[in-house]
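Asks: My file is upload_23.pdb. It has PDB, C-alpha atoms, pLDDT in the B column:
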```
ATOM      1  CA  MET A   1      22.465   0.741  -7.572  1.00 54.00           C
ATOM      2  CA  ASN A   2      24.337  -0.909  -4.740  1.00 74.00           C
ATOM      3  CA  SER A   3      23.323  -0.303  -1.167  1.00 82.00           C
ATOM      4  CA  LEU A   4      25.761   1.316   1.226  1.00 86.00           C
ATOM      5  CA  HIS A   5      26.310  -2.108   2.785  1.00 88.00           C
ATOM      6  CA  GLN A   6      27.216  -3.588  -0.609  1.00 88.00           C
ATOM      7  CA  LEU A   7      29.604  -0.727  -1.387  1.00 88.00           C
ATOM      8  CA  ARG A   8      31.406  -1.264   1.923  1.00 89.00           C
ATOM      9  CA  LYS A   9      31.583  -5.044   1.381  1.00 91.00           C
ATOM     10  CA  GLU A  10      32.978  -4.586  -2.145  1.00 91.00           C
ATOM     11  CA  LYS A  11      35.774  -2.457  -0.681  1.00 91.00           C
ATOM     12  CA  LYS A  12      36.382  -5.164   1.971  1.00 93.00           C
ATOM     13  CA  ILE A  13      36.098  -2.664   4.810  1.00 93.00           C
ATOM     14  CA  ARG A  14      34.678  -3.783   8.143  1.00 93.00           C
ATOM     15  CA  MET A  15      31.877  -1.738   9.655  1.00 92.00           C
ATOM     16  CA  VAL A  16      33.896  -1.020  12.801  1.00 93.00           C
ATOM     17  CA  ASP A  17      36.799   0.264  10.686  1.00 93.00           C
ATOM     18  CA  ILE A  18      34.754   2.653   8.564  1.00 94.00           C
ATOM     19  CA  ALA A  19      32.937   3.944  11.664  1.00 93.00           C
ATOM     20  CA  SER A  20      36.244   4.582  13.398  1.00 94.00           C
ATOM     21  CA  ARG A  21      37.725   6.329  10.359  1.00 94.00           C
ATOM     22  CA  ILE A  22      34.779   8.710  10.023  1.00 92.00           C
ATOM     23  CA  GLY A  23      34.584   9.350  13.768  1.00 93.00           C
ATOM     24  CA  ILE A  24      31.296   7.737  14.805  1.00 93.00           C
ATOM     25  CA  SER A  25      30.299   4.608  16.721  1.00 92.00           C
ATOM     26  CA  GLN A  26      29.755   1.309  14.957  1.00 92.00           C
ATOM     27  CA  SER A  27      26.078   1.303  15.947  1.00 90.00           C
ATOM     28  CA  HIS A  28      25.635   4.812  14.504  1.00 89.00           C
ATOM     29  CA  TYR A  29      27.216   3.687  11.241  1.00 90.00           C
ATOM     30  CA  SER A  30      25.094   0.524  11.232  1.00 89.00           C
ATOM     31  CA  ASN A  31      21.972   2.675  11.509  1.00 83.00           C
ATOM     32  CA  LEU A  32      23.198   4.820   8.612  1.00 84.00           C
ATOM     33  CA  GLU A  33      23.858   1.723   6.526  1.00 83.00           C
ATOM     34  CA  ARG A  34      20.388   0.322   7.249  1.00 79.00           C
ATOM     35  CA  GLY A  35      18.670   3.631   6.496  1.00 74.00           C
ATOM     36  CA  LYS A  36      17.501   4.124  10.072  1.00 74.00           C
ATOM     37  CA  ARG A  37      19.409   7.404  10.468  1.00 77.00           C
ATOM     38  CA  THR A  38      19.946  10.182   7.993  1.00 77.00           C
ATOM     39  CA  MET A  39      23.422  11.024   6.809  1.00 80.00           C
ATOM     40  CA  SER A  40      24.661  14.607   7.059  1.00 83.00           C
ATOM     41  CA  ASP A  41      26.626  16.158   4.199  1.00 84.00           C
ATOM     42  CA  ASN A  42      29.742  16.041   6.380  1.00 89.00           C
ATOM     43  CA  LEU A  43      29.372  12.299   6.999  1.00 89.00           C
ATOM     44  CA  LEU A  44      28.534  11.730   3.330  1.00 89.00           C
ATOM     45  CA  GLU A  45      31.864  13.298   2.350  1.00 91.00           C
ATOM     46  CA  LYS A  46      33.770  11.235   4.925  1.00 93.00           C
ATOM     47  CA  VAL A  47      32.124   7.957   3.876  1.00 92.00           C
ATOM     48  CA  ALA A  48      32.776   8.720   0.200  1.00 92.00           C
ATOM     49  CA  GLU A  49      36.440   9.409   0.983  1.00 94.00           C
ATOM     50  CA  VAL A  50      36.885   6.198   2.996  1.00 93.00           C
ATOM     51  CA  LEU A  51      35.147   4.103   0.333  1.00 92.00           C
ATOM     52  CA  GLY A  52      36.994   5.824  -2.510  1.00 93.00           C
ATOM     53  CA  GLU A  53      33.664   6.594  -4.200  1.00 91.00           C
ATOM     54  CA  SER A  54      32.110   9.788  -5.468  1.00 90.00           C
ATOM     55  CA  LYS A  55      29.639  11.572  -3.220  1.00 88.00           C
ATOM     56  CA  GLY A  56      26.999  10.896  -5.876  1.00 86.00           C
ATOM     57  CA  ASN A  57      27.534   7.125  -5.714  1.00 86.00           C
ATOM     58  CA  VAL A  58      27.413   7.131  -1.914  1.00 86.00           C
ATOM     59  CA  LEU A  59      24.299   9.325  -1.927  1.00 82.00           C
ATOM     60  CA  SER A  60      22.588   6.922  -4.362  1.00 81.00           C
ATOM     61  CA  ALA A  61      23.525   4.016  -2.092  1.00 82.00           C
ATOM     62  CA  VAL A  62      22.177   5.869   0.951  1.00 79.00           C
ATOM     63  CA  ASN A  63      18.927   6.669  -0.875  1.00 73.00           C
ATOM     64  CA  SER A  64      18.614   3.007  -1.848  1.00 70.00           C
ATOM     65  CA  ASN A  65      18.900   2.099   1.849  1.00 63.00           C
ATOM     66  CA  VAL A  66      16.251   4.628   2.856  1.00 55.00           C
ATOM     67  CA  VAL A  67      13.770   3.254   0.304  1.00 50.00           C
ATOM     68  CA  GLU A  68      14.364  -0.330   1.479  1.00 51.00           C
ATOM     69  CA  SER A  69      14.136   0.730   5.122  1.00 49.00           C
ATOM     70  CA  TYR A  70      10.834   2.494   4.422  1.00 49.00           C
ATOM     71  CA  LYS A  71       9.424  -0.654   2.826  1.00 49.00           C
ATOM     72  CA  LEU A  72      10.283  -2.620   5.953  1.00 50.00           C
ATOM     73  CA  ARG A  73       8.486  -0.217   8.292  1.00 52.00           C
ATOM     74  CA  SER A  74       5.070  -1.760   7.680  1.00 58.00           C
ATOM     75  CA  TRP A  75       3.449  -2.749  10.963  1.00 62.00           C
ATOM     76  CA  LEU A  76       2.917  -6.223   9.538  1.00 64.00           C
ATOM     77  CA  THR A  77       6.633  -6.914   9.188  1.00 63.00           C
ATOM     78  CA  ASN A  78       7.070  -6.089  12.884  1.00 64.00           C
ATOM     79  CA  VAL A  79       4.451  -8.586  14.109  1.00 71.00           C
ATOM     80  CA  ARG A  80       5.751 -11.650  15.919  1.00 72.00           C
ATOM     81  CA  ILE A  81       4.100 -15.037  15.500  1.00 74.00           C
ATOM     82  CA  ASN A  82       4.865 -17.584  18.220  1.00 70.00           C
ATOM     83  CA  GLY A  83       7.910 -15.510  19.129  1.00 70.00           C
ATOM     84  CA  LEU A  84       9.290 -15.435  15.577  1.00 74.00           C
ATOM     85  CA  PRO A  85       9.433 -12.377  13.343  1.00 76.00           C
ATOM     86  CA  PHE A  86       6.491 -12.451  10.932  1.00 78.00           C
ATOM     87  CA  ILE A  87       8.555 -13.174   7.810  1.00 78.00           C
ATOM     88  CA  LYS A  88      10.402 -16.104   9.429  1.00 81.00           C
ATOM     89  CA  ALA A  89       7.147 -17.551  10.736  1.00 81.00           C
ATOM     90  CA  PHE A  90       5.519 -17.190   7.295  1.00 83.00           C
ATOM     91  CA  ARG A  91       8.503 -18.814   5.570  1.00 82.00           C
ATOM     92  CA  TYR A  92       8.335 -21.706   8.041  1.00 83.00           C
ATOM     93  CA  HIS A  93       4.604 -22.025   7.305  1.00 82.00           C
ATOM     94  CA  LEU A  94       5.296 -22.190   3.552  1.00 84.00           C
ATOM     95  CA  GLU A  95       8.163 -24.666   3.902  1.00 84.00           C
ATOM     96  CA  LYS A  96       6.099 -26.851   6.240  1.00 84.00           C
ATOM     97  CA  GLY A  97       3.503 -27.012   3.472  1.00 82.00           C
ATOM     98  CA  ALA A  98       6.271 -27.786   0.941  1.00 75.00           C
ATOM     99  CA  SER A  99       5.634 -24.538  -0.923  1.00 75.00           C
ATOM    100  CA  ASP A 100       8.368 -22.498  -2.563  1.00 77.00           C
ATOM    101  CA  PRO A 101       7.542 -18.776  -2.274  1.00 73.00           C
ATOM    102  CA  ASN A 102       9.764 -18.036  -5.282  1.00 76.00           C
ATOM    103  CA  ALA A 103       7.689 -20.359  -7.474  1.00 78.00           C
ATOM    104  CA  MET A 104       4.364 -18.762  -6.485  1.00 78.00           C
ATOM    105  CA  ASP A 105       2.666 -16.086  -8.516  1.00 84.00           C
ATOM    106  CA  ASP A 106       1.480 -12.970  -6.670  1.00 83.00           C
ATOM    107  CA  ALA A 107      -2.123 -14.153  -6.380  1.00 86.00           C
ATOM    108  CA  THR A 108      -1.124 -17.495  -4.840  1.00 85.00           C
ATOM    109  CA  LEU A 109       1.318 -15.880  -2.433  1.00 84.00           C
ATOM    110  CA  LYS A 110      -1.314 -13.327  -1.404  1.00 84.00           C
ATOM    111  CA  LYS A 111      -3.829 -16.154  -0.793  1.00 86.00           C
ATOM    112  CA  GLU A 112      -1.288 -18.075   1.332  1.00 85.00           C
ATOM    113  CA  LEU A 113      -0.467 -14.908   3.230  1.00 84.00           C
ATOM    114  CA  ARG A 114      -4.136 -14.194   3.918  1.00 84.00           C
ATOM    115  CA  THR A 115      -4.694 -17.743   5.199  1.00 84.00           C
ATOM    116  CA  PHE A 116      -1.589 -17.512   7.385  1.00 84.00           C
ATOM    117  CA  ILE A 117      -2.608 -14.155   8.865  1.00 81.00           C
ATOM    118  CA  GLU A 118      -6.174 -15.280   9.550  1.00 81.00           C
ATOM    119  CA  SER A 119      -4.988 -18.362  11.395  1.00 82.00           C
ATOM    120  CA  HIS A 120      -2.087 -16.827  13.358  1.00 79.00           C
ATOM    121  CA  ILE A 121      -2.427 -13.101  14.035  1.00 76.00           C
ATOM    122  CA  GLY A 122      -5.301 -13.503  16.496  1.00 75.00           C
ATOM    123  CA  TYR A 123      -3.302 -15.974  18.558  1.00 70.00           C
ATOM    124  CA  SER A 124      -0.270 -13.675  18.529  1.00 71.00           C
ATOM    125  CA  VAL A 125      -2.311 -10.709  19.710  1.00 72.00           C
ATOM    126  CA  LEU A 126      -3.772 -12.767  22.560  1.00 72.00           C
ATOM    127  CA  ALA A 127      -0.302 -14.036  23.499  1.00 71.00           C
ATOM    128  CA  GLU A 128       0.979 -10.451  23.525  1.00 70.00           C
ATOM    129  CA  LEU A 129      -1.870  -9.395  25.798  1.00 72.00           C
ATOM    130  CA  SER A 130      -1.139 -12.202  28.246  1.00 72.00           C
ATOM    131  CA  GLU A 131       2.638 -11.696  28.251  1.00 70.00           C
ATOM    132  CA  LYS A 132       2.763  -7.909  28.626  1.00 70.00           C
ATOM    133  CA  LYS A 133       0.783  -6.992  31.694  1.00 71.00           C
ATOM    134  CA  ASN A 134       0.990  -3.236  31.057  1.00 75.00           C
ATOM    135  CA  LEU A 135      -0.197  -3.479  27.441  1.00 73.00           C
ATOM    136  CA  ILE A 136      -3.820  -2.745  28.387  1.00 75.00           C
ATOM    137  CA  GLU A 137      -2.692   0.379  30.249  1.00 78.00           C
ATOM    138  CA  ILE A 138      -0.696   1.516  27.218  1.00 75.00           C
ATOM    139  CA  ILE A 139      -3.648   0.874  24.902  1.00 75.00           C
ATOM    140  CA  ARG A 140      -6.002   2.702  27.273  1.00 77.00           C
ATOM    141  CA  SER A 141      -3.723   5.771  27.314  1.00 76.00           C
ATOM    142  CA  LYS A 142      -3.418   5.724  23.513  1.00 73.00           C
ATOM    143  CA  LEU A 143      -7.203   5.420  23.156  1.00 76.00           C
ATOM    144  CA  HIS A 144      -7.620   8.525  25.236  1.00 71.00           C
ATOM    145  CA  ASP A 145      -5.360  10.455  22.836  1.00 70.00           C
ATOM    146  CA  ALA A 146      -6.846   8.983  19.630  1.00 63.00           C
ATOM    147  CA  GLU A 147      -9.701  10.931  18.134  1.00 63.00           C
ATOM    148  CA  VAL A 148     -11.468   9.447  15.151  1.00 58.00           C
ATOM    149  CA  VAL A 149     -12.612  12.162  12.781  1.00 56.00           C
ATOM    150  CA  PRO A 150     -14.943  11.072   9.991  1.00 52.00           C
ATOM    151  CA  LYS A 151     -13.501  11.737   6.541  1.00 53.00           C
ATOM    152  CA  GLU A 152     -15.750  13.086   3.812  1.00 56.00           C
ATOM    153  CA  SER A 153     -18.815  12.644   6.067  1.00 50.00           C
ATOM    154  CA  LYS A 154     -18.395   8.851   6.274  1.00 54.00           C
ATOM    155  CA  THR A 155     -19.248   7.175   9.520  1.00 56.00           C
ATOM    156  CA  VAL A 156     -16.485   5.616  11.579  1.00 50.00           C
ATOM    157  CA  ASN A 157     -17.817   2.158  10.653  1.00 55.00           C
ATOM    158  CA  GLU A 158     -17.669   2.985   6.924  1.00 59.00           C
ATOM    159  CA  GLN A 159     -14.086   4.220   7.297  1.00 50.00           C
ATOM    160  CA  PHE A 160     -13.031   1.157   9.222  1.00 48.00           C
ATOM    161  CA  GLU A 161     -14.899  -1.492   7.229  1.00 58.00           C
ATOM    162  CA  GLY A 162     -14.509   0.054   3.795  1.00 57.00           C
ATOM    163  CA  PRO A 163     -17.088   0.203   1.004  1.00 56.00           C
ATOM    164  CA  LYS A 164     -19.981  -2.258   1.130  1.00 53.00           C
TER     165      LYS A 164
END
```
Written as structure tokens, how would this file's structure read?
Replies:
Amino acid sequence: MNSLHQLRKEKKIRMVDIASRIGISQSHYSNLERGKRTMSDNLLEKVAEVLGESKGNVLSAVNSNVVESYKLRSWLTNVRINGLPFIKAFRYHLEKGASDPNAMDDATLKKELRTFIESHIGYSVLAELSEKKNLIEIIRSKLHDAEVVPKESKTVNEQFEGPK
């Protein structure tokens, strides 16, 4: 199924135009299209009308966006490496090594990813600590609120490190 973005593009309607026609801001509509905001039934009807699609098709497109948005919410995809978003930095790493990620099988890509993370994440964390002076204060306040409760009578170390 097409995403909401694809449906709008197929109809050759600009984001600003559809937002205006349904009575919301362009940024609000953008968040709907990217799955970052939920769409009310009222907005669903308006979007369907503007796109000339059934509510069912628009709902499927919206649900497609939500699934994709959920996949992108992993903390790893939000990490920055040398100021670049993780995925861009990883792609650069692969291209620098003359590797084509599309030609790699899952095991090879996972191995490359592991090597990349091991050699870059530590540096990025240290850079973040040095750049954001209040980060330690934020971490300290979060530590105060975080309570580690052993699951199924495992020690905290066993939970954190996994099975031996």
Asks: Near A:Arg21, within 9 Å and counting only C-alpha atoms, which residues show up once chain neighbours fewer than 2 positions away are dropped, as a ChimeraX atom specification?
Replies: /A:16-19,23-24,46-47,50
Asks: Measure the distance from atom CA of A:Glu118 to atom CA of A:Asn134 in Å and round it to one decimal.
Replies: 25.7 Å
Asks: Which of these residues is nearest to A:Ser119, using all atoms listed in the file: A:Ile81, A:Gln6, A:Asn63, A:His28?
Replies: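 Residue with the minimum atom-to-atom distance to A:Ser119: A:Ile81.
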Asks: Restricting the calculation to all atoms listed in the file: of A:Pro101, A:Phe90, A:Gly83, A:Lys132, which residue gets closest to A:Arg114?
Replies: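 Among the listed residues, A:Phe90 lies closest to A:Arg114.
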Asks: Rounded to one decimal in Å, what is the spacing between atom CA of A:Asp41 and atom CA of A:Lys12?
Replies: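 Separation between atom CA of A:Asp41 and atom CA of A:Lys12: 23.6 Å.
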Asks: Which residues are near A:His5? Cut-off 9 Å, only C-alpha atoms, ignore same chain within fewer than 4 positions. Put them as a list in words.
Replies: Lys9, Glu10, Met15, Ser30, Glu33, Arg34, Ala61 and Asn65 of chain A
Asks: For a test of reading the model, state the distance in Å between atom CA of A:His93 and atom CA of A:Phe116, rounded to one decimal.
Replies: 7.7 Å
Asks: Output, as lines of an AutoDock Vina configuration file, the centre and edge lengths in Å (one decimal) of the axis-aligned box that contains all listed atoms of stretch 105-119 of chain A with 3 Å of margin on each side.
Replies:
```
center_x = -1.8
center_y = -15.7
center_z = 1.4
size_x = 14.8
size_y = 11.4
size_z = 25.9
```
Asks: Which residue gives the smallest distance to A:Ser54 among A:Leu7, A:Ile13, A:Gln26, A:Lys96, with only C-alpha atoms counted?
Replies: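 Of A:Leu7, A:Ile13, A:Gln26, A:Lys96, the one nearest A:Ser54, counting only C-alpha atoms, is A:Leu7.
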Asks: Point out the residue among A:Val79, A:Leu4, A:Ala48, A:Leu32 with the least atom-to-atom distance to A:Gly122, counting only C-alpha atoms.
Replies: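 Between A:Val79, A:Leu4, A:Ala48, A:Leu32, the residue approaching A:Gly122 most closely is A:Val79.
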Asks: Considering only C-alpha atoms, state which residue in the set A:Leu143, A:Ile121, A:Ile22, A:Leu129 is at the smallest distance from A:Asn42.
Replies: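 Of the candidates, the smallest distance to A:Asn42 is held by A:Ile22.
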Asks: Closest to A:Lys55 among A:Lys111, A:Glu137, A:Gly97, A:Ser40, using all atoms listed in the file?
Replies: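 Using all atoms listed in the file, the shortest distance to A:Lys55 belongs to A:Ser40.
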Asks: Some atoms are missing, so please complete stretch 5-31 of chain A with N, CA and C atoms and return it as a PDB file, keeping the file's coordinate frame.
Replies:
```
ATOM      1  N   HIS A   5      25.738  -0.863   2.267  1.00 88.00           N
ATOM      2  CA  HIS A   5      26.310  -2.108   2.785  1.00 88.00           C
ATOM      3  C   HIS A   5      27.117  -2.817   1.688  1.00 88.00           C
ATOM      4  N   GLN A   6      26.532  -2.925   0.495  1.00 88.00           N
ATOM      5  CA  GLN A   6      27.216  -3.588  -0.609  1.00 88.00           C
ATOM      6  C   GLN A   6      28.480  -2.839  -1.019  1.00 88.00           C
ATOM      7  N   LEU A   7      28.413  -1.514  -1.050  1.00 88.00           N
ATOM      8  CA  LEU A   7      29.604  -0.727  -1.387  1.00 88.00           C
ATOM      9  C   LEU A   7      30.736  -1.004  -0.404  1.00 88.00           C
ATOM     10  N   ARG A   8      30.392  -1.019   0.891  1.00 89.00           N
ATOM     11  CA  ARG A   8      31.406  -1.264   1.923  1.00 89.00           C
ATOM     12  C   ARG A   8      31.986  -2.670   1.780  1.00 89.00           C
ATOM     13  N   LYS A   9      31.125  -3.657   1.522  1.00 91.00           N
ATOM     14  CA  LYS A   9      31.583  -5.044   1.381  1.00 91.00           C
ATOM     15  C   LYS A   9      32.495  -5.206   0.162  1.00 91.00           C
ATOM     16  N   GLU A  10      32.153  -4.532  -0.935  1.00 91.00           N
ATOM     17  CA  GLU A  10      32.978  -4.586  -2.145  1.00 91.00           C
ATOM     18  C   GLU A  10      34.381  -4.059  -1.878  1.00 91.00           C
ATOM     19  N   LYS A  11      34.475  -3.058  -1.012  1.00 91.00           N
ATOM     20  CA  LYS A  11      35.774  -2.457  -0.681  1.00 91.00           C
ATOM     21  C   LYS A  11      36.494  -3.253   0.411  1.00 91.00           C
ATOM     22  N   LYS A  12      35.810  -4.302   0.922  1.00 93.00           N
ATOM     23  CA  LYS A  12      36.382  -5.164   1.971  1.00 93.00           C
ATOM     24  C   LYS A  12      36.779  -4.369   3.213  1.00 93.00           C
ATOM     25  N   ILE A  13      35.870  -3.479   3.618  1.00 93.00           N
ATOM     26  CA  ILE A  13      36.098  -2.664   4.810  1.00 93.00           C
ATOM     27  C   ILE A  13      35.083  -3.101   5.868  1.00 93.00           C
ATOM     28  N   ARG A  14      35.574  -3.392   7.057  1.00 93.00           N
ATOM     29  CA  ARG A  14      34.678  -3.783   8.143  1.00 93.00           C
ATOM     30  C   ARG A  14      33.916  -2.561   8.652  1.00 93.00           C
ATOM     31  N   MET A  15      32.726  -2.816   9.154  1.00 92.00           N
ATOM     32  CA  MET A  15      31.877  -1.738   9.655  1.00 92.00           C
ATOM     33  C   MET A  15      32.584  -0.957  10.765  1.00 92.00           C
ATOM     34  N   VAL A  16      33.218  -1.675  11.681  1.00 93.00           N
ATOM     35  CA  VAL A  16      33.896  -1.020  12.801  1.00 93.00           C
ATOM     36  C   VAL A  16      35.027  -0.114  12.295  1.00 93.00           C
ATOM     37  N   ASP A  17      35.694  -0.530  11.231  1.00 93.00           N
ATOM     38  CA  ASP A  17      36.799   0.264  10.686  1.00 93.00           C
ATOM     39  C   ASP A  17      36.312   1.549  10.020  1.00 93.00           C
ATOM     40  N   ILE A  18      35.258   1.439   9.226  1.00 94.00           N
ATOM     41  CA  ILE A  18      34.754   2.653   8.564  1.00 94.00           C
ATOM     42  C   ILE A  18      34.187   3.614   9.605  1.00 94.00           C
ATOM     43  N   ALA A  19      33.493   3.083  10.606  1.00 93.00           N
ATOM     44  CA  ALA A  19      32.937   3.944  11.664  1.00 93.00           C
ATOM     45  C   ALA A  19      34.055   4.686  12.385  1.00 93.00           C
ATOM     46  N   SER A  20      35.106   3.974  12.706  1.00 94.00           N
ATOM     47  CA  SER A  20      36.244   4.582  13.398  1.00 94.00           C
ATOM     48  C   SER A  20      36.898   5.660  12.537  1.00 94.00           C
ATOM     49  N   ARG A  21      37.055   5.374  11.253  1.00 94.00           N
ATOM     50  CA  ARG A  21      37.725   6.329  10.359  1.00 94.00           C
ATOM     51  C   ARG A  21      36.904   7.596  10.126  1.00 94.00           C
ATOM     52  N   ILE A  22      35.582   7.502  10.234  1.00 92.00           N
ATOM     53  CA  ILE A  22      34.779   8.710  10.023  1.00 92.00           C
ATOM     54  C   ILE A  22      34.376   9.357  11.345  1.00 92.00           C
ATOM     55  N   GLY A  23      34.767   8.721  12.461  1.00 93.00           N
ATOM     56  CA  GLY A  23      34.584   9.350  13.768  1.00 93.00           C
ATOM     57  C   GLY A  23      33.222   9.167  14.417  1.00 93.00           C
ATOM     58  N   ILE A  24      32.580   8.026  14.154  1.00 93.00           N
ATOM     59  CA  ILE A  24      31.296   7.737  14.805  1.00 93.00           C
ATOM     60  C   ILE A  24      31.340   6.314  15.361  1.00 93.00           C
ATOM     61  N   SER A  25      30.349   5.964  16.172  1.00 92.00           N
ATOM     62  CA  SER A  25      30.299   4.608  16.721  1.00 92.00           C
ATOM     63  C   SER A  25      29.862   3.612  15.644  1.00 92.00           C
ATOM     64  N   GLN A  26      30.162   2.344  15.898  1.00 92.00           N
ATOM     65  CA  GLN A  26      29.755   1.309  14.957  1.00 92.00           C
ATOM     66  C   GLN A  26      28.232   1.224  14.862  1.00 92.00           C
ATOM     67  N   SER A  27      27.538   1.381  15.984  1.00 90.00           N
ATOM     68  CA  SER A  27      26.078   1.303  15.947  1.00 90.00           C
ATOM     69  C   SER A  27      25.487   2.473  15.157  1.00 90.00           C
ATOM     70  N   HIS A  28      26.092   3.657  15.283  1.00 89.00           N
ATOM     71  CA  HIS A  28      25.635   4.812  14.504  1.00 89.00           C
ATOM     72  C   HIS A  28      25.808   4.517  13.017  1.00 89.00           C
ATOM     73  N   TYR A  29      26.982   4.003  12.654  1.00 90.00           N
ATOM     74  CA  TYR A  29      27.216   3.687  11.241  1.00 90.00           C
ATOM     75  C   TYR A  29      26.255   2.603  10.750  1.00 90.00           C
ATOM     76  N   SER A  30      26.024   1.597  11.591  1.00 89.00           N
ATOM     77  CA  SER A  30      25.094   0.524  11.232  1.00 89.00           C
ATOM     78  C   SER A  30      23.710   1.096  10.925  1.00 89.00           C
ATOM     79  N   ASN A  31      23.267   2.040  11.752  1.00 83.00           N
ATOM     80  CA  ASN A  31      21.972   2.675  11.509  1.00 83.00           C
ATOM     81  C   ASN A  31      21.968   3.482  10.214  1.00 83.00           C
TER      82      ASN A  31
END
```
